[in-house]
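In what follows, a single structure is set out as structure tokens and then discussed.
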Amino acid sequence: MRKCLSIVLALLLALSLAACGKGTNGDVKVPGGANSASDSKADPQKAVTLSIAMHVANVKDQEPYMYGIVQKFQEKYPNIKIDLQGADTDSHVKKMKMAAQAGQLPDIFWMLPAPAKEMNKAGMLLDLSEFLKNNKDIASSIDPKLIQSYQDGGKQFGLPYQALVTGLWYNKAIFDQYKVKVPETYDESLSSGKVFKSNKVVTIAKGAKDAFSTWAFLGMLTRYGFFDKIDNINAGKEKFNNPDFLKFYQKIDELRTAGAFPENVTNLSYFQAVEMFTAGKAAMLDAGVWETKKIEASPIAKNVGFSWGPTFSDGVGNQKIAMVVGAAPMVASAEVKKDSSKYDAVTKFFQFFYSQEGAAIMAENEAPPVVKYTGKVDKDKYPVYNAVLDQMNLPGWERPVAQPDLVLSEAAASALNDSIYGVINGIFKPSEALDLVDKKMH
């Protein structure tokens, strides 16, 4: 997806910033958008419509927790009507850029972190610092690192829409069948891969046709000092091809040699890899919580667990790193502040979204709540979802500030994914793969 968005972001970002402060363009309309000429003394209790724009074409089917939250919110506040809009991610980002150019941003919308930062710098987004200050219960219930992810220029330009939780799903029945321990360390991963290979079982289901599907391996990269080095790498003081990263890429190559990946990984898509796992043909799957409901509905559901991936004896720093980060922020247009009724409605929506009531709706739809959820989930009914929650609540595991590719430029992030799959496919030697990323860093 990052490759698809790079051209859109590059072309339209300049347009949106250049047009900052210009009047409305009649060719671009977003229903229900904030009106900059609204009466700032409007009655907060009057009927008001909020426009909310999301990054999926069918919000009800594709983001059922968001749809459920919207429905419950409208029941609680009948005077606030929600104009819920949806478009696939590429189209959504393009629409938001065009709406920014025209001065017609929706009241609330999902946005990728990088362009959201640019919109914030241009003064287009509502600073949510006041919201957090006035809602200390919400502020204290969200992981501080998730909040910090969306701070820039002294402003809180957004709040996490959902947590990006990624790692390795595993099928306990397959491990039990071949008397192999579910790996906690890299050495255990390598030895289990050899056992599975000898029994013609795929260790880690992966599909190289979708180069973005490297989540668990990005998590493993953090265990080689990624966030200790990335500032110096970005500043040109250090190379991506460094001794520590090289050790990790050599581990990927060892897994390839041991036969840990599908023999036809080059020709498989990510979705085919998921099907391979849910059909019981692979011991593990590199993916995230978005597959929870699909796995829950599969024949293997009762035997599935979730792991943060192996630790490494030659790694750098803390090895207990859990990949729970902010995927993208939910933001609001700065224009809503000019209409007290609109601003009140936006505040109420954020309060509801990050409440325990909102968290319960997320939990009902098997999405991990952003806030610390105090409710209970039926473990018998939702064993897969509970496997994720159990991992998220493990004591002693540190959460990074972001997923590694999310702090790189579009070009470098794509190169990072390509470099990992280049080793998995046997196209690049570890050092060559790292050089590929270095070429895109500056």
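In the structure tokens, chains take letters A, B, ... by order of appearance, with residues numbered from 1 within each chain and ligands from 1 in the order shown.
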
- Message: as a list in words, please: the residues near Thr49 (chain A) (cut-off 8 Å, only C-alpha atoms, same-chain neighbours under 5 positions excluded).
- Response: Gly32, Ile80, Lys81, Ile82, Asp83 and Lys342 of chain A

- Considering only C-alpha atoms, return as a PyMOL selection string whatever protein or nucleic-acid residues lie within 9 Å of Phe352 (chain A), sequence-local ones (same chain, fewer than 6 positions apart) excluded. chain A and resi 69+73+358

Selected residues, N, CA and C atoms, written as a compact mmCIF listing (two decimals), in the first residue's frame, please.
```txt
# COMPACT_ATOMS: atom_id res chain seq x y z
N ILE A 69 -19.65 2.20 16.90
CA ILE A 69 -19.45 3.37 17.76
C ILE A 69 -20.30 4.54 17.29
N PHE A 73 -23.24 6.23 19.45
CA PHE A 73 -23.06 7.65 19.74
C PHE A 73 -24.31 8.43 19.37
N GLY A 358 -17.03 2.91 24.36
CA GLY A 358 -16.46 2.77 23.03
C GLY A 358 -15.52 1.59 22.95
```

Which residues come within 6 Å of region 55-60 of chain A, counting only C-alpha atoms, excluding same-chain residues fewer than 2 positions away, as a PDB file with C-alpha atoms, in the first residue's frame?
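The result, stored in part04.pdb:
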```pdb
ATOM      1  CA  GLN A  62     -14.755  -3.285   6.888  1.00  0.00           C
ATOM      2  CA  GLU A  63     -14.551  -1.282  10.131  1.00  0.00           C
ATOM      3  CA  PRO A  64     -17.549  -2.656  12.078  1.00  0.00           C
ATOM      4  CA  TYR A  67     -19.678   1.792  12.530  1.00  0.00           C
ATOM      5  CA  GLY A  86     -15.879   5.952   3.271  1.00  0.00           C
ATOM      6  CA  ALA A  87     -13.441   5.340   0.427  1.00  0.00           C
ATOM      7  CA  ASP A  88     -10.582   2.897  -0.111  1.00  0.00           C
ATOM      8  CA  THR A  89      -7.315   4.106   1.385  1.00  0.00           C
ATOM      9  CA  HIS A  92      -9.500   8.549   0.809  1.00  0.00           C
TER      10      HIS A  92
END
```

- Message: Let me make sure I understand: among A:Pro395, A:Pro115, A:Pro243, A:Gly280, which one has the smallest atom-to-atom distance to Ala205 (chain A) if we use only C-alpha atoms?
- Response: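 Using only C-alpha atoms, Ala205 (chain A) sits closest to A:Gly280.
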
- Message: Report, in Å to a single decimal, how far apart CA of Gln356 (chain A) and CA of Gly154 (chain A) are.
- Response: 28.2 Å
